[in-house]
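Colleague: One file is attached below, target-v5.pdb, containing PDB, C-alpha atoms, pLDDT in the B column.
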ATOM      1  CA  MET A   1      -9.649 -42.786  17.956  1.00 62.00           C
ATOM      2  CA  GLY A   2      -6.962 -42.903  20.613  1.00 72.00           C
ATOM      3  CA  ASP A   3      -4.132 -45.335  21.220  1.00 85.00           C
ATOM      4  CA  GLU A   4      -4.656 -48.844  22.528  1.00 90.00           C
ATOM      5  CA  PHE A   5      -3.600 -49.570  26.097  1.00 92.00           C
ATOM      6  CA  TYR A   6      -4.173 -52.179  28.800  1.00 93.00           C
ATOM      7  CA  CYS A   7      -6.697 -50.970  31.314  1.00 93.00           C
ATOM      8  CA  ILE A   8      -8.469 -52.130  34.450  1.00 93.00           C
ATOM      9  CA  LEU A   9     -12.050 -50.837  34.618  1.00 93.00           C
ATOM     10  CA  LYS A  10     -14.416 -50.838  37.589  1.00 94.00           C
ATOM     11  CA  LEU A  11     -17.995 -50.852  36.306  1.00 93.00           C
ATOM     12  CA  VAL A  12     -21.120 -49.619  38.100  1.00 94.00           C
ATOM     13  CA  SER A  13     -22.206 -53.289  38.235  1.00 92.00           C
ATOM     14  CA  GLY A  14     -19.233 -54.009  40.532  1.00 90.00           C
ATOM     15  CA  GLU A  15     -17.241 -55.981  37.962  1.00 90.00           C
ATOM     16  CA  GLU A  16     -13.528 -55.378  37.498  1.00 91.00           C
ATOM     17  CA  ILE A  17     -12.390 -55.949  33.932  1.00 93.00           C
ATOM     18  CA  LEU A  18      -8.940 -56.136  32.381  1.00 93.00           C
ATOM     19  CA  SER A  19      -8.865 -55.416  28.677  1.00 93.00           C
ATOM     20  CA  LEU A  20      -6.960 -53.897  25.825  1.00 93.00           C
ATOM     21  CA  ILE A  21      -8.988 -50.732  25.211  1.00 93.00           C
ATOM     22  CA  MET A  22      -9.282 -47.787  22.882  1.00 92.00           C
ATOM     23  CA  ILE A  23     -11.433 -44.690  23.415  1.00 91.00           C
ATOM     24  CA  ASP A  24     -13.522 -43.353  20.531  1.00 88.00           C
ATOM     25  CA  GLU A  25     -14.017 -39.614  21.054  1.00 84.00           C
ATOM     26  CA  ASN A  26     -15.249 -38.762  17.542  1.00 78.00           C
ATOM     27  CA  ASN A  27     -18.747 -37.815  18.637  1.00 76.00           C
ATOM     28  CA  ASP A  28     -20.324 -35.994  21.600  1.00 80.00           C
ATOM     29  CA  ASP A  29     -20.799 -39.282  23.501  1.00 82.00           C
ATOM     30  CA  PRO A  30     -17.375 -41.020  23.788  1.00 86.00           C
ATOM     31  CA  ILE A  31     -17.324 -44.821  23.847  1.00 91.00           C
ATOM     32  CA  ILE A  32     -14.803 -47.264  25.323  1.00 92.00           C
ATOM     33  CA  ILE A  33     -13.935 -50.093  22.920  1.00 93.00           C
ATOM     34  CA  LEU A  34     -12.913 -53.258  24.773  1.00 93.00           C
ATOM     35  CA  GLN A  35     -10.948 -56.005  23.051  1.00 93.00           C
ATOM     36  CA  ASN A  36     -11.063 -59.442  24.715  1.00 92.00           C
ATOM     37  CA  PRO A  37     -12.152 -58.243  28.175  1.00 94.00           C
ATOM     38  CA  VAL A  38     -11.562 -60.683  31.046  1.00 93.00           C
ATOM     39  CA  ILE A  39     -12.311 -60.893  34.735  1.00 91.00           C
ATOM     40  CA  MET A  40      -9.252 -61.813  36.823  1.00 84.00           C
ATOM     41  CA  LYS A  41      -9.725 -63.029  40.390  1.00 84.00           C
ATOM     42  CA  PRO A  42      -6.627 -63.348  42.590  1.00 81.00           C
ATOM     43  CA  SER A  43      -6.885 -66.246  45.038  1.00 83.00           C
ATOM     44  CA  MET A  44      -4.815 -68.197  47.523  1.00 83.00           C
ATOM     45  CA  SER A  45      -4.748 -72.000  47.432  1.00 79.00           C
ATOM     46  CA  SER A  46      -5.061 -74.103  50.570  1.00 81.00           C
ATOM     47  CA  THR A  47      -1.303 -74.707  50.365  1.00 82.00           C
ATOM     48  CA  GLY A  48      -0.636 -70.958  50.448  1.00 80.00           C
ATOM     49  CA  HIS A  49       0.211 -70.474  46.783  1.00 79.00           C
ATOM     50  CA  TYR A  50      -1.052 -67.383  44.990  1.00 79.00           C
ATOM     51  CA  TYR A  51      -2.864 -67.857  41.666  1.00 79.00           C
ATOM     52  CA  VAL A  52      -5.117 -65.909  39.341  1.00 79.00           C
ATOM     53  CA  LYS A  53      -8.353 -67.287  37.907  1.00 83.00           C
ATOM     54  CA  ILE A  54      -9.227 -65.802  34.519  1.00 86.00           C
ATOM     55  CA  ASN A  55     -12.670 -65.881  32.913  1.00 88.00           C
ATOM     56  CA  PRO A  56     -14.027 -64.113  29.850  1.00 90.00           C
ATOM     57  CA  TRP A  57     -16.180 -61.108  30.742  1.00 91.00           C
ATOM     58  CA  MET A  58     -18.981 -62.312  28.455  1.00 90.00           C
ATOM     59  CA  GLU A  59     -18.877 -66.089  28.804  1.00 85.00           C
ATOM     60  CA  MET A  60     -21.600 -66.949  26.281  1.00 87.00           C
ATOM     61  CA  SER A  61     -20.440 -64.622  23.510  1.00 85.00           C
ATOM     62  CA  ASN A  62     -18.159 -65.470  20.604  1.00 85.00           C
ATOM     63  CA  ASP A  63     -17.356 -61.802  19.994  1.00 88.00           C
ATOM     64  CA  ASP A  64     -14.088 -60.274  21.126  1.00 89.00           C
ATOM     65  CA  ILE A  65     -14.947 -56.560  20.719  1.00 93.00           C
ATOM     66  CA  PHE A  66     -17.392 -54.785  23.076  1.00 93.00           C
ATOM     67  CA  PHE A  67     -18.513 -51.180  23.530  1.00 93.00           C
ATOM     68  CA  ILE A  68     -19.228 -49.425  26.831  1.00 93.00           C
ATOM     69  CA  LYS A  69     -20.378 -45.882  27.488  1.00 91.00           C
ATOM     70  CA  PHE A  70     -18.539 -43.830  30.088  1.00 90.00           C
ATOM     71  CA  ASP A  71     -21.601 -43.626  32.360  1.00 91.00           C
ATOM     72  CA  LYS A  72     -21.211 -47.381  33.081  1.00 93.00           C
ATOM     73  CA  VAL A  73     -17.648 -46.932  34.398  1.00 93.00           C
ATOM     74  CA  ILE A  74     -16.824 -45.864  37.962  1.00 94.00           C
ATOM     75  CA  THR A  75     -13.099 -45.662  37.400  1.00 93.00           C
ATOM     76  CA  MET A  76     -10.392 -46.886  35.061  1.00 92.00           C
ATOM     77  CA  THR A  77      -6.634 -47.106  35.255  1.00 92.00           C
ATOM     78  CA  GLU A  78      -3.950 -47.981  32.766  1.00 92.00           C
ATOM     79  CA  THR A  79      -1.874 -50.964  33.821  1.00 88.00           C
ATOM     80  CA  LYS A  80       1.717 -51.565  32.876  1.00 86.00           C
ATOM     81  CA  GLU A  81       2.296 -54.478  35.259  1.00 83.00           C
ATOM     82  CA  SER A  82       4.144 -56.929  33.034  1.00 82.00           C
ATOM     83  CA  ARG A  83       3.078 -60.141  34.848  1.00 83.00           C
ATOM     84  CA  LEU A  84      -0.605 -59.190  34.651  1.00 86.00           C
ATOM     85  CA  ILE A  85      -0.349 -58.311  30.958  1.00 88.00           C
ATOM     86  CA  GLN A  86       1.622 -61.506  30.316  1.00 87.00           C
ATOM     87  CA  LEU A  87      -1.110 -63.644  31.950  1.00 86.00           C
ATOM     88  CA  TYR A  88      -3.795 -61.774  29.994  1.00 87.00           C
ATOM     89  CA  GLU A  89      -2.033 -62.254  26.651  1.00 88.00           C
ATOM     90  CA  TYR A  90      -1.306 -65.912  27.386  1.00 86.00           C
ATOM     91  CA  TYR A  91      -4.992 -66.476  28.195  1.00 85.00           C
ATOM     92  CA  ILE A  92      -6.140 -64.713  25.009  1.00 86.00           C
ATOM     93  CA  ASN A  93      -3.708 -66.658  22.811  1.00 85.00           C
ATOM     94  CA  ASN A  94      -4.328 -70.036  24.507  1.00 78.00           C
ATOM     95  CA  SER A  95      -7.949 -69.797  25.662  1.00 64.00           C
ATOM     96  CA  ASN A  96      -8.523 -73.538  25.205  1.00 49.00           C
ATOM     97  CA  GLU A  97      -5.681 -74.468  27.536  1.00 47.00           C
ATOM     98  CA  GLU A  98      -5.234 -74.165  31.273  1.00 48.00           C
ATOM     99  CA  VAL A  99      -3.741 -70.734  31.854  1.00 43.00           C
ATOM    100  CA  TYR A 100      -1.976 -70.857  35.178  1.00 47.00           C
ATOM    101  CA  LYS A 101      -0.867 -73.621  37.504  1.00 51.00           C
ATOM    102  CA  SER A 102       0.110 -73.217  41.114  1.00 50.00           C
ATOM    103  CA  TYR A 103       3.790 -73.494  41.851  1.00 50.00           C
ATOM    104  CA  GLY A 104       4.917 -77.131  41.774  1.00 52.00           C
ATOM    105  CA  GLU A 105       1.846 -78.555  40.052  1.00 58.00           C
ATOM    106  CA  VAL A 106       2.551 -81.008  37.217  1.00 56.00           C
ATOM    107  CA  ASN A 107       0.482 -82.956  34.726  1.00 60.00           C
ATOM    108  CA  PRO A 108       0.369 -86.689  35.456  1.00 59.00           C
ATOM    109  CA  SER A 109       2.454 -89.043  33.349  1.00 58.00           C
ATOM    110  CA  SER A 110       3.733 -92.617  33.680  1.00 56.00           C
ATOM    111  CA  VAL A 111       6.975 -91.214  35.082  1.00 57.00           C
ATOM    112  CA  LYS A 112       5.296 -88.848  37.557  1.00 54.00           C
ATOM    113  CA  GLY A 113       2.657 -91.127  39.062  1.00 59.00           C
ATOM    114  CA  TYR A 114       0.092 -91.876  36.349  1.00 62.00           C
ATOM    115  CA  VAL A 115       0.595 -95.638  36.349  1.00 69.00           C
ATOM    116  CA  THR A 116      -2.386 -97.256  34.642  1.00 74.00           C
ATOM    117  CA  SER A 117      -5.906 -96.779  33.381  1.00 77.00           C
ATOM    118  CA  VAL A 118      -8.985 -97.406  35.516  1.00 82.00           C
ATOM    119  CA  LYS A 119      -9.887-100.442  33.395  1.00 87.00           C
ATOM    120  CA  GLU A 120      -6.463-102.040  33.853  1.00 86.00           C
ATOM    121  CA  ALA A 121      -6.366-101.245  37.579  1.00 84.00           C
ATOM    122  CA  ARG A 122      -9.813-102.811  38.102  1.00 87.00           C
ATOM    123  CA  LYS A 123      -8.716-105.962  36.265  1.00 89.00           C
ATOM    124  CA  ASN A 124      -5.519-106.229  38.353  1.00 86.00           C
ATOM    125  CA  LEU A 125      -7.421-105.722  41.621  1.00 87.00           C
ATOM    126  CA  GLU A 126     -10.023-108.345  40.692  1.00 87.00           C
ATOM    127  CA  ASN A 127      -7.245-110.840  39.905  1.00 86.00           C
ATOM    128  CA  LEU A 128      -5.511-110.034  43.178  1.00 86.00           C
ATOM    129  CA  PHE A 129      -8.793-110.517  45.079  1.00 83.00           C
ATOM    130  CA  LYS A 130      -9.388-113.887  43.354  1.00 82.00           C
ATOM    131  CA  ASP A 131      -5.856-115.030  44.215  1.00 80.00           C
ATOM    132  CA  CYS A 132      -6.377-114.066  47.885  1.00 78.00           C
ATOM    133  CA  LYS A 133      -9.670-116.018  48.017  1.00 72.00           C
ATOM    134  CA  GLU A 134      -7.920-119.167  46.781  1.00 70.00           C
ATOM    135  CA  LEU A 135      -5.443-119.086  49.684  1.00 65.00           C
TER     136      LEU A 135
END
Could you render the structure from this file as structure tokens?
Modeller:
Amino acid sequence: MGDEFYCILKLVSGEEILSLIMIDENNDDPIIILQNPVIMKPSMSSTGHYYVKINPWMEMSNDDIFFIKFDKVITMTETKESRLIQLYEYYINNSNEEVYKSYGEVNPSSVKGYVTSVKEARKNLENLFKDCKEL
């Protein structure tokens, strides 16, 4: 078996996959071993900010190791781009969390605009409406 490296693969199906891979050349038919393969789609938001959407390659599987034969690959290239690898590793280590936010996006809080719950807001609006009717 060879060394592990980060690789972008273009498959005959048209998919582009980023994965940590290893190539098994022990037999006559070499196999690519993929660890936690993902599909990364670069996009631009309506505000002009660049972001990357990351999805698992096999969305319904709980496995993290997959095998592909070379005849299913059009091309492959090793990647050493640190930001891409950093996003990949963050996604793998925190797959239950949101991976990437556009520049300037924040989670709501009572300090940053999240003022009340829907139930409390409805109650306050109903009271305000009743008070206006009485005038």
Colleague: Which residue, A:Phe5, A:Met44, A:Tyr50, A:Ile31, has the smallest gap to Phe70 of chain A when you use all atoms listed in the file?
Modeller: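 Checking each candidate against Phe70 of chain A, we get A:Ile31 as the closest.
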Colleague: Which is closer to Tyr51 of chain A than all the others in A:Leu11, A:Leu34, A:Leu87, A:Leu125, using all atoms listed in the file?
Modeller: A:Leu87
Colleague: Please measure the separation of atom CA of Val118 of chain A and atom CA of Ser46 of chain A, giving the value in Å to one decimal.
Modeller: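 For atom CA of Val118 of chain A relative to atom CA of Ser46 of chain A, the distance reads 28.0 Å.
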Colleague: Excluding Glu59 of chain A and residues on its chain fewer than 4 positions from it, collect all residues at most 12 Å away from it, counting only C-alpha atoms, and give them as number ranges by chain.
Modeller: A: 36-39, 54-55, 63-64, 95
Colleague: Tell me which protein, DNA and RNA residues are within 9 Å of segment 80-85 of chain A, counting only C-alpha atoms, leaving out same-chain ones fewer than 5 positions away, and put them as a ChimeraX atom specification.
Modeller: /A:5-7,18,90
Colleague: How big is the axis-aligned box, and where does its centre sit, when it encloses all atoms of segment 30-36 of chain A listed in the file and has 8 Å added on every side, reported in Å to one decimal as lines of an AutoDock Vina configuration file?
Modeller:
center_x = -14.2
center_y = -50.2
center_z = 24.1
size_x = 22.4
size_y = 34.4
size_z = 18.4
Colleague: If you apply the PyMOL selection byres ((chain A and resi 66) around 7) to this file, what residues do you get, as a PDB file with C-alpha atoms, in the frame of the given file?
Modeller:
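File written: result_18.pdb
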ATOM      1  CA  ILE A  33     -13.935 -50.093  22.920  1.00 93.00           C
ATOM      2  CA  LEU A  34     -12.913 -53.258  24.773  1.00 93.00           C
ATOM      3  CA  GLN A  35     -10.948 -56.005  23.051  1.00 93.00           C
ATOM      4  CA  ASP A  64     -14.088 -60.274  21.126  1.00 89.00           C
ATOM      5  CA  ILE A  65     -14.947 -56.560  20.719  1.00 93.00           C
ATOM      6  CA  PHE A  67     -18.513 -51.180  23.530  1.00 93.00           C
ATOM      7  CA  ILE A  68     -19.228 -49.425  26.831  1.00 93.00           C
TER       8      ILE A  68
END
Colleague: Could you give me, as a VMD selection string, the residues within 12 Å of Ser43 of chain A, counting all atoms listed in the file and dropping anything in the same chain fewer than 2 positions from it?
Modeller: chain A and resid 40 to 41 45 to 54 100 102
Colleague: Interatomic distance between atom CA of Ser13 of chain A and atom CA of Lys69 of chain A?
Modeller: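 Straight-line distance from atom CA of Ser13 of chain A to atom CA of Lys69 of chain A works out to 13.2 Å.
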Colleague: Which of these, A:Cys132, A:Met76, A:Ala121, A:Met60, has the shortest distance to Ile32 of chain A once you count all atoms listed in the file?
Modeller: A:Met76
Colleague: For atom CA of Leu20 of chain A and atom CA of Glu4 of chain A, determine how far apart the two atoms are, in Å to one decimal place.
Modeller: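 Straight-line distance from atom CA of Leu20 of chain A to atom CA of Glu4 of chain A works out to 6.5 Å.
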